[in-house]
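Quick notes on the structure that follows.
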Amino acid sequence: MSWGARNPNLHLRVKLPIIDKEDIYFMRRALALAKRGAGKTSPNPMVGAIIVQKGQGQRLLRGERPLRVIGEGYHHGPGIPHAEAVALANASESVKGATLYTNLEPCCHTKKRTPPCTDAILKSGIARVVVGMKDPNPAVNGKGIQVLSDAGIVVQAGLLKDEAEVLNAGYIKWITTGRPFVILKAAMTLDGKIATKTGASRWITGEAARRQVHQLRSSVDAVVIGIGTVIADDPMLISNLKGRTNPLRVVIDPCLKISLSAKLITSCQIAKTLILTNDSASSRKQKQIEHLGVEVRRFPYRKEGIPFDGILKTLGEMGICNLLIEGGGNVNGRSLREGAVDRVIFYIAPKFLSGDDAKAVVSGKSISRLEAAIQIADMKISKVGGDICISGMVQKK
C-alpha cells in the first residue's frame with residue numbers, strides 16, 4: 001500500500017495506516033489523554049491530541065529518530081475547546097512542520113459553541129495529522145479530513161481504529177441512533193443470585209470489584225435502577241472515588257412508590273435524580289417529589305412496564321451517551337429481552353445462596369427456545385480480587 005493510495009471508506013486521498021511504532025505510541029498516548037474526559041464530555045466524544053516535533057529530543061525506542069512532544073490536551077466537556085485547540089494552545093514552541101495525533105477526526109463545522117478545529121490546524125502550520133477514526137457525526141464524517149487533505153496537509157486515517165471506536169462507543173451510538181450505549185452490570189453468586197430471600201445483598205462481591213464499579217459509574221452519564229432496588233437497598237448510586245463525577249441517577253418507578261426520604265431524593269443536590277413513571281401515577285406525589293428537586297417524567301401506561309425503547313429515546317434526547325443498568329432481576333431481564341443492552345459486565349463471587357427463593361440476577365418471562373438465547377461475543381474473563389469478571393458485547397438479532 002502506498003501512502004497516496006485511495007481509501008475507499010473516505011473517498012479522498014489520505015495516507016493509509018501502517019505499522020509504525022512511533023505513530024502507534026503517540027496515538028496510544030492520545031487515547032489515554034482522551035479517557036480523562038470519561039463521564040464529562042457527553043454528548044461530545046472523548047478526544048485527546050498530541051503534537052510531536054522532530055529534532056533533538058527524547059528517543060522513545062531504540063533506533064528511532066529523536067522526537068519530542070511539544071503540546072497535548074484533551075476535551076474537558078461541552079462548550080470547552082476541543083482537544084486539538086487545547087494542544088495547540090499548550091504548545092511550548094512553534095508547531096510548524098509538526099505532526100498532530102488525535103483519536104477522532106477534527107471537526108470542520110460551525111454548528112457548535114467552539115470554532116472548527118480544522119481552521120486552527122490550518123493556521124498553525126501543522127504538516128501532518130494522524131487520525132484514529134472518522135467522526136460519524138453527519139456534519140463531519142470525513143469532511144474534516146478532506147479539508148486538511150485539500151490544504152496540502154498529509155493525513156493518515158484509521159490508526160488504531162478499533163481502539164478509538166471502543167473508547168467512543170457511546171458517542172458513536174448516540175450520534176447515529178439518538179440512543180445511548182447501554183451497559184448491564186450485575187454482581188452475582190456462582191448460582192446466579194443477587195440477594196437472599198430477604199433481599200440482603202451487601203456485599204456479594206469483594207472490595208476490588210466494588211471499586212471497579214465506582215470507576216464504571218464515574219465514566220457513564222447515567223445509571224438506571226428499578227423501584228424494587230430502591231425499596232430493598234436505598235442506594236446512593238454515586239462514585240466514591242475522589243475527583244470523579246457522579247452520573248444522573250434514573251429510577252424506573254411506574255407507580256411512584258419511591259419514599260420521599262429515599263437517599264436518591266434527599267441527595268439530589270450531590271447528584272441529579274430522574275424518576276420515570278407512567279401517566280396514571282399520583283400527580284400529588286409527583287409535585288412533592290419535584291418540590292424536593294427531583295425531575296419526574298411520565299410515559300403512557302403499559303401493563304408490562306415502561307418500555308426500554310422509550311426510556312432510551314428520552315435519555316438520548318437529554319444527551320445521555322453512556323448508560324449503566326444496575327437493576328434487580330426484573331429490570332435486568334426486561335432490558336435484555338427488549339434488546340436494550342449493548343454490553344454486559346457480570347461480577348461472579350465464589351459463593352452459593354442456593355434455593356429458588358433467593359433473588360435471581362435475571363428474572364421475568366424466559367426465552368422458550370434455546371436457539372433464541374441472547375448471545376455474548378468478544379467475551380473477556382478476568383480475576384478481580386477474589387471474584388471473577390465476565391464481560392462482552394450482546395449480539396444483536
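Naming works like this for the C-alpha cells: A, B, ... for the chains as they're shown, residue 1 at the start of each chain, ligands 1 onward in shown order.
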Leaving out Gly355 of chain A and any residue of its chain fewer than 4 positions from it, which residues lie within 12 Å of it when counting only C-alpha atoms, given as JSON, numbers by chain?
{"A": [191, 192, 193, 195, 196, 197, 359, 360]}
Written selection (all heavy atoms) as a PDB file, in the first residue's frame:
ATOM      1  N   ASP A 191     -24.316 -19.413  41.693  1.00  0.00           N
ATOM      2  CA  ASP A 191     -25.606 -19.971  41.266  1.00  0.00           C
ATOM      3  C   ASP A 191     -26.555 -18.897  40.755  1.00  0.00           C
ATOM      4  O   ASP A 191     -27.768 -19.090  40.690  1.00  0.00           O
ATOM      5  CB  ASP A 191     -26.256 -20.796  42.385  1.00  0.00           C
ATOM      6  CG  ASP A 191     -26.354 -20.054  43.703  1.00  0.00           C
ATOM      7  OD1 ASP A 191     -25.684 -19.010  43.849  1.00  0.00           O
ATOM      8  OD2 ASP A 191     -27.097 -20.506  44.597  1.00  0.00           O
ATOM      9  N   GLY A 192     -26.006 -17.741  40.365  1.00  0.00           N
ATOM     10  CA  GLY A 192     -26.800 -16.730  39.684  1.00  0.00           C
ATOM     11  C   GLY A 192     -27.739 -15.930  40.551  1.00  0.00           C
ATOM     12  O   GLY A 192     -28.750 -15.407  40.067  1.00  0.00           O
ATOM     13  N   LYS A 193     -27.416 -15.748  41.838  1.00  0.00           N
ATOM     14  CA  LYS A 193     -28.272 -14.997  42.745  1.00  0.00           C
ATOM     15  C   LYS A 193     -27.645 -13.640  43.094  1.00  0.00           C
ATOM     16  O   LYS A 193     -26.429 -13.513  43.224  1.00  0.00           O
ATOM     17  CB  LYS A 193     -28.518 -15.785  44.040  1.00  0.00           C
ATOM     18  CG  LYS A 193     -29.023 -17.216  43.813  1.00  0.00           C
ATOM     19  CD  LYS A 193     -30.343 -17.249  43.063  1.00  0.00           C
ATOM     20  CE  LYS A 193     -30.849 -18.682  42.890  1.00  0.00           C
ATOM     21  NZ  LYS A 193     -32.114 -18.736  42.131  1.00  0.00           N
ATOM     22  N   ALA A 195     -29.248 -11.659  45.655  1.00  0.00           N
ATOM     23  CA  ALA A 195     -29.668 -11.333  47.021  1.00  0.00           C
ATOM     24  C   ALA A 195     -30.299 -12.565  47.657  1.00  0.00           C
ATOM     25  O   ALA A 195     -30.771 -13.476  46.963  1.00  0.00           O
ATOM     26  CB  ALA A 195     -30.664 -10.168  47.023  1.00  0.00           C
ATOM     27  N   THR A 196     -30.338 -12.567  48.981  1.00  0.00           N
ATOM     28  CA  THR A 196     -31.015 -13.647  49.703  1.00  0.00           C
ATOM     29  C   THR A 196     -32.521 -13.482  49.567  1.00  0.00           C
ATOM     30  O   THR A 196     -33.008 -12.491  49.015  1.00  0.00           O
ATOM     31  CB  THR A 196     -30.641 -13.608  51.187  1.00  0.00           C
ATOM     32  OG1 THR A 196     -31.185 -12.405  51.769  1.00  0.00           O
ATOM     33  CG2 THR A 196     -29.133 -13.620  51.387  1.00  0.00           C
ATOM     34  N   LYS A 197     -33.279 -14.427  50.096  1.00  0.00           N
ATOM     35  CA  LYS A 197     -34.738 -14.344  50.005  1.00  0.00           C
ATOM     36  C   LYS A 197     -35.289 -13.125  50.750  1.00  0.00           C
ATOM     37  O   LYS A 197     -36.385 -12.653  50.456  1.00  0.00           O
ATOM     38  CB  LYS A 197     -35.378 -15.619  50.540  1.00  0.00           C
ATOM     39  CG  LYS A 197     -35.153 -15.881  52.025  1.00  0.00           C
ATOM     40  CD  LYS A 197     -35.847 -17.150  52.462  1.00  0.00           C
ATOM     41  CE  LYS A 197     -35.656 -17.412  53.955  1.00  0.00           C
ATOM     42  NZ  LYS A 197     -36.350 -18.654  54.375  1.00  0.00           N
ATOM     43  N   LYS A 359     -32.910 -14.230  45.275  1.00  0.00           N
ATOM     44  CA  LYS A 359     -33.207 -13.360  44.132  1.00  0.00           C
ATOM     45  C   LYS A 359     -32.272 -13.656  42.958  1.00  0.00           C
ATOM     46  O   LYS A 359     -31.044 -13.641  43.104  1.00  0.00           O
ATOM     47  CB  LYS A 359     -33.069 -11.890  44.531  1.00  0.00           C
ATOM     48  CG  LYS A 359     -33.816 -11.502  45.802  1.00  0.00           C
ATOM     49  CD  LYS A 359     -35.313 -11.654  45.659  1.00  0.00           C
ATOM     50  CE  LYS A 359     -36.034 -11.201  46.940  1.00  0.00           C
ATOM     51  NZ  LYS A 359     -37.474 -11.410  46.866  1.00  0.00           N
ATOM     52  N   ALA A 360     -32.859 -13.911  41.791  1.00  0.00           N
ATOM     53  CA  ALA A 360     -32.074 -14.247  40.597  1.00  0.00           C
ATOM     54  C   ALA A 360     -31.561 -12.994  39.899  1.00  0.00           C
ATOM     55  O   ALA A 360     -32.191 -11.939  39.930  1.00  0.00           O
ATOM     56  CB  ALA A 360     -32.923 -15.067  39.636  1.00  0.00           C
TER      57      ALA A 360
END
Restricting the calculation to only C-alpha atoms: of A:Lys21, A:Lys40, A:Arg128, A:Lys263, which residue gets closest to Tyr74 of chain A?
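Closest candidate: A:Lys40.
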Counting only C-alpha atoms, the residue of A:Ala85, A:Ile145, A:Val140, A:Ile225 that sits nearest Ile121 of chain A:
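Smallest separation from Ile121 of chain A among the options: A:Ala85.
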My list of candidates is A:Leu160, A:Leu274, A:Val130, A:Met236. Which is closest to Thr314 of chain A when distances are computed with only C-alpha atoms?
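Under the stated criterion, the closest residue is A:Leu274.
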Every residue of segment 169-227 of chain A that DSSP places in strand (DSSP E), as a compact mmCIF listing (two decimals) with N, CA and C atoms, in the first residue's frame:
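part.txt, freshly written:
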# COMPACT_ATOMS: atom_id res chain seq x y z
N PHE A 181 -25.47 4.16 24.53
CA PHE A 181 -24.84 2.84 24.60
C PHE A 181 -25.12 2.31 26.01
N VAL A 182 -25.64 1.07 26.09
CA VAL A 182 -26.14 0.55 27.36
C VAL A 182 -25.26 -0.60 27.87
N ILE A 183 -24.80 -0.45 29.11
CA ILE A 183 -24.03 -1.48 29.79
C ILE A 183 -24.88 -2.04 30.92
N LEU A 184 -25.01 -3.35 30.97
CA LEU A 184 -25.71 -4.01 32.07
C LEU A 184 -24.66 -4.60 33.00
N LYS A 185 -24.65 -4.11 34.25
CA LYS A 185 -23.71 -4.60 35.26
C LYS A 185 -24.46 -5.32 36.35
N ALA A 186 -23.92 -6.45 36.80
CA ALA A 186 -24.54 -7.19 37.89
C ALA A 186 -23.46 -7.88 38.71
N ALA A 187 -23.75 -8.05 40.00
CA ALA A 187 -22.89 -8.83 40.89
C ALA A 187 -23.70 -10.02 41.37
N MET A 188 -23.18 -11.22 41.22
CA MET A 188 -23.96 -12.42 41.48
C MET A 188 -23.10 -13.52 42.11
N THR A 189 -23.77 -14.51 42.66
CA THR A 189 -23.09 -15.69 43.18
C THR A 189 -22.90 -16.69 42.05
N LYS A 193 -27.42 -15.75 41.84
CA LYS A 193 -28.27 -15.00 42.75
C LYS A 193 -27.64 -13.64 43.09
N ILE A 194 -28.50 -12.64 43.25
CA ILE A 194 -28.02 -11.30 43.57
C ILE A 194 -28.42 -10.87 44.99
N ALA A 195 -29.25 -11.66 45.65
CA ALA A 195 -29.67 -11.33 47.02
C ALA A 195 -30.30 -12.57 47.66
N ALA A 222 -25.31 8.22 32.99
CA ALA A 222 -26.49 7.93 33.79
C ALA A 222 -26.48 6.48 34.25
N VAL A 223 -27.12 6.24 35.40
CA VAL A 223 -27.29 4.90 35.96
C VAL A 223 -28.78 4.66 36.15
N VAL A 224 -29.25 3.49 35.71
CA VAL A 224 -30.67 3.16 35.82
C VAL A 224 -30.87 2.00 36.79
N ILE A 225 -31.87 2.14 37.67
CA ILE A 225 -32.30 1.03 38.52
C ILE A 225 -33.83 1.04 38.57
N GLY A 226 -34.38 -0.05 39.08
CA GLY A 226 -35.83 -0.13 39.25
C GLY A 226 -36.23 0.22 40.66
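Residue nearest Gln212 of chain A within the list A:Val86, A:Leu241, A:Leu159, A:Ile252: A:Leu241 [criterion: smallest interatomic distance, only C-alpha atoms].
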Measuring between only C-alpha atoms, which one of A:Ala164, A:Leu148, A:Ile80, A:Met318 shows the shortest distance to Leu33 of chain A?
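Among A:Ala164, A:Leu148, A:Ile80, A:Met318, it is A:Ala164 that comes nearest to Leu33 of chain A.
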Can you list, as a PyMOL selection string, all residues belonging to segment 77-227 of chain A that DSSP tags as helix (DSSP H, G or I)?
chain A and resi 83-89+117-124+143-150+161-167+169-177+207-219+227
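When the distance limit is 12 Å and only C-alpha atoms are what count, the residues near Ser366 of chain A, minus those fewer than 4 positions from it on the same chain, are Gly329, Asn330, Gly333, Arg334, Leu336, Arg337, Val362, Leu370, Ala372, Ala373 and Ile374 of chain A.
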Can you write just those residues out, all heavy atoms, as a PDB file, in the first residue's frame?
ATOM      1  N   GLY A 329     -33.339  -8.231  39.252  1.00  0.00           N
ATOM      2  CA  GLY A 329     -33.626  -9.253  38.252  1.00  0.00           C
ATOM      3  C   GLY A 329     -34.654  -8.845  37.227  1.00  0.00           C
ATOM      4  O   GLY A 329     -34.529  -9.168  36.039  1.00  0.00           O
ATOM      5  N   ASN A 330     -35.695  -8.130  37.651  1.00  0.00           N
ATOM      6  CA  ASN A 330     -36.753  -7.732  36.730  1.00  0.00           C
ATOM      7  C   ASN A 330     -36.245  -6.753  35.679  1.00  0.00           C
ATOM      8  O   ASN A 330     -36.482  -6.938  34.471  1.00  0.00           O
ATOM      9  CB  ASN A 330     -37.923  -7.116  37.498  1.00  0.00           C
ATOM     10  CG  ASN A 330     -39.046  -6.680  36.573  1.00  0.00           C
ATOM     11  OD1 ASN A 330     -39.544  -7.458  35.775  1.00  0.00           O
ATOM     12  ND2 ASN A 330     -39.437  -5.411  36.676  1.00  0.00           N
ATOM     13  N   GLY A 333     -33.765  -8.504  33.347  1.00  0.00           N
ATOM     14  CA  GLY A 333     -34.433  -9.374  32.387  1.00  0.00           C
ATOM     15  C   GLY A 333     -35.117  -8.598  31.286  1.00  0.00           C
ATOM     16  O   GLY A 333     -34.999  -8.940  30.094  1.00  0.00           O
ATOM     17  N   ARG A 334     -35.845  -7.557  31.661  1.00  0.00           N
ATOM     18  CA  ARG A 334     -36.562  -6.766  30.653  1.00  0.00           C
ATOM     19  C   ARG A 334     -35.595  -6.083  29.695  1.00  0.00           C
ATOM     20  O   ARG A 334     -35.828  -6.044  28.482  1.00  0.00           O
ATOM     21  CB  ARG A 334     -37.447  -5.723  31.345  1.00  0.00           C
ATOM     22  CG  ARG A 334     -38.724  -6.297  31.950  1.00  0.00           C
ATOM     23  CD  ARG A 334     -39.649  -5.182  32.413  1.00  0.00           C
ATOM     24  NE  ARG A 334     -39.890  -4.246  31.331  1.00  0.00           N
ATOM     25  CZ  ARG A 334     -39.817  -2.923  31.455  1.00  0.00           C
ATOM     26  NH1 ARG A 334     -39.495  -2.374  32.607  1.00  0.00           N
ATOM     27  NH2 ARG A 334     -40.069  -2.144  30.427  1.00  0.00           N
ATOM     28  N   LEU A 336     -32.664  -6.995  28.753  1.00  0.00           N
ATOM     29  CA  LEU A 336     -32.095  -7.983  27.830  1.00  0.00           C
ATOM     30  C   LEU A 336     -33.131  -8.451  26.814  1.00  0.00           C
ATOM     31  O   LEU A 336     -32.860  -8.503  25.610  1.00  0.00           O
ATOM     32  CB  LEU A 336     -31.553  -9.177  28.614  1.00  0.00           C
ATOM     33  CG  LEU A 336     -30.238  -8.952  29.370  1.00  0.00           C
ATOM     34  CD1 LEU A 336     -29.985 -10.072  30.357  1.00  0.00           C
ATOM     35  CD2 LEU A 336     -29.067  -8.816  28.392  1.00  0.00           C
ATOM     36  N   ARG A 337     -34.317  -8.784  27.283  1.00  0.00           N
ATOM     37  CA  ARG A 337     -35.348  -9.294  26.370  1.00  0.00           C
ATOM     38  C   ARG A 337     -35.789  -8.245  25.359  1.00  0.00           C
ATOM     39  O   ARG A 337     -36.145  -8.576  24.226  1.00  0.00           O
ATOM     40  CB  ARG A 337     -36.555  -9.802  27.172  1.00  0.00           C
ATOM     41  CG  ARG A 337     -36.320 -11.113  27.900  1.00  0.00           C
ATOM     42  CD  ARG A 337     -37.604 -11.662  28.463  1.00  0.00           C
ATOM     43  NE  ARG A 337     -38.196 -10.781  29.457  1.00  0.00           N
ATOM     44  CZ  ARG A 337     -37.896 -10.780  30.758  1.00  0.00           C
ATOM     45  NH1 ARG A 337     -36.990 -11.639  31.222  1.00  0.00           N
ATOM     46  NH2 ARG A 337     -38.485  -9.961  31.599  1.00  0.00           N
ATOM     47  N   VAL A 362     -31.364 -12.478  36.731  1.00  0.00           N
ATOM     48  CA  VAL A 362     -32.279 -12.172  35.627  1.00  0.00           C
ATOM     49  C   VAL A 362     -33.582 -12.904  35.902  1.00  0.00           C
ATOM     50  O   VAL A 362     -33.588 -14.108  36.137  1.00  0.00           O
ATOM     51  CB  VAL A 362     -31.708 -12.618  34.265  1.00  0.00           C
ATOM     52  CG1 VAL A 362     -32.739 -12.402  33.164  1.00  0.00           C
ATOM     53  CG2 VAL A 362     -30.426 -11.868  33.951  1.00  0.00           C
ATOM     54  N   LEU A 370     -33.944 -22.496  22.833  1.00  0.00           N
ATOM     55  CA  LEU A 370     -32.511 -22.342  23.053  1.00  0.00           C
ATOM     56  C   LEU A 370     -31.849 -21.565  21.926  1.00  0.00           C
ATOM     57  O   LEU A 370     -30.920 -20.785  22.156  1.00  0.00           O
ATOM     58  CB  LEU A 370     -31.857 -23.724  23.191  1.00  0.00           C
ATOM     59  CG  LEU A 370     -30.390 -23.747  23.639  1.00  0.00           C
ATOM     60  CD1 LEU A 370     -30.230 -23.062  24.985  1.00  0.00           C
ATOM     61  CD2 LEU A 370     -29.873 -25.167  23.694  1.00  0.00           C
ATOM     62  N   ALA A 372     -32.959 -19.103  20.451  1.00  0.00           N
ATOM     63  CA  ALA A 372     -33.240 -17.675  20.606  1.00  0.00           C
ATOM     64  C   ALA A 372     -32.492 -17.057  21.782  1.00  0.00           C
ATOM     65  O   ALA A 372     -32.685 -15.881  22.085  1.00  0.00           O
ATOM     66  CB  ALA A 372     -34.741 -17.465  20.782  1.00  0.00           C
ATOM     67  N   ALA A 373     -31.656 -17.852  22.452  1.00  0.00           N
ATOM     68  CA  ALA A 373     -30.919 -17.341  23.613  1.00  0.00           C
ATOM     69  C   ALA A 373     -30.078 -16.124  23.231  1.00  0.00           C
ATOM     70  O   ALA A 373     -29.541 -16.039  22.115  1.00  0.00           O
ATOM     71  CB  ALA A 373     -30.020 -18.434  24.187  1.00  0.00           C
ATOM     72  N   ILE A 374     -29.966 -15.196  24.147  1.00  0.00           N
ATOM     73  CA  ILE A 374     -29.166 -13.985  23.920  1.00  0.00           C
ATOM     74  C   ILE A 374     -27.692 -14.367  24.007  1.00  0.00           C
ATOM     75  O   ILE A 374     -27.237 -14.906  25.016  1.00  0.00           O
ATOM     76  CB  ILE A 374     -29.518 -12.906  24.962  1.00  0.00           C
ATOM     77  CG1 ILE A 374     -30.985 -12.511  24.810  1.00  0.00           C
ATOM     78  CG2 ILE A 374     -28.613 -11.690  24.808  1.00  0.00           C
ATOM     79  CD1 ILE A 374     -31.536 -11.736  25.979  1.00  0.00           C
TER      80      ILE A 374
END
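Shortest separation to Pro307 of chain A among A:Leu264, A:Gly385, A:Glu326, A:Pro254 occurs at residue A:Pro254, atoms counted being only C-alpha atoms.
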Identify, on the basis of only C-alpha atoms, every residue whose closest approach to Gly392 of chain A does not exceed 8 Å; exclude the query and any residue fewer than 3 positions from it along the same chain; express the result as a PyMOL selection string.
chain A and resi 343-345+376-380
Please produce a file of those selected residues containing N, CA and C atoms, as an mmCIF file, in the first residue's frame.
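As written to disk, result-v7.cif reads:
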data_model
loop_
_atom_site.group_PDB
_atom_site.id
_atom_site.type_symbol
_atom_site.label_atom_id
_atom_site.label_comp_id
_atom_site.auth_asym_id
_atom_site.auth_seq_id
_atom_site.Cartn_x
_atom_site.Cartn_y
_atom_site.Cartn_z
ATOM 1 N N ARG A 343 -23.703 -4.103 26.086
ATOM 2 C CA ARG A 343 -22.561 -4.766 26.711
ATOM 3 C C ARG A 343 -22.958 -5.237 28.098
ATOM 4 N N VAL A 344 -22.429 -6.376 28.524
ATOM 5 C CA VAL A 344 -22.683 -6.867 29.877
ATOM 6 C C VAL A 344 -21.366 -6.958 30.638
ATOM 7 N N ILE A 345 -21.444 -6.671 31.940
ATOM 8 C CA ILE A 345 -20.314 -6.849 32.852
ATOM 9 C C ILE A 345 -20.869 -7.537 34.092
ATOM 10 N N ILE A 376 -23.459 -13.680 23.768
ATOM 11 C CA ILE A 376 -22.425 -12.699 24.087
ATOM 12 C C ILE A 376 -21.201 -12.978 23.227
ATOM 13 N N ALA A 377 -20.652 -11.923 22.618
ATOM 14 C CA ALA A 377 -19.458 -12.041 21.779
ATOM 15 C C ALA A 377 -18.313 -11.236 22.390
ATOM 16 N N ASP A 378 -17.115 -11.442 21.878
ATOM 17 C CA ASP A 378 -15.922 -10.730 22.356
ATOM 18 C C ASP A 378 -15.792 -10.831 23.868
ATOM 19 N N MET A 379 -16.026 -12.016 24.387
ATOM 20 C CA MET A 379 -16.048 -12.202 25.831
ATOM 21 C C MET A 379 -14.648 -12.093 26.431
ATOM 22 N N LYS A 380 -14.582 -11.419 27.582
ATOM 23 C CA LYS A 380 -13.341 -11.287 28.331
ATOM 24 C C LYS A 380 -13.582 -11.764 29.755
#
Which residues are near Asp309 of chain A? Cut-off 12 Å, only C-alpha atoms, ignore same chain within fewer than 5 positions. Put them as a PyMOL selection string.
chain A and resi 177-180+182+299+314-316+334-341
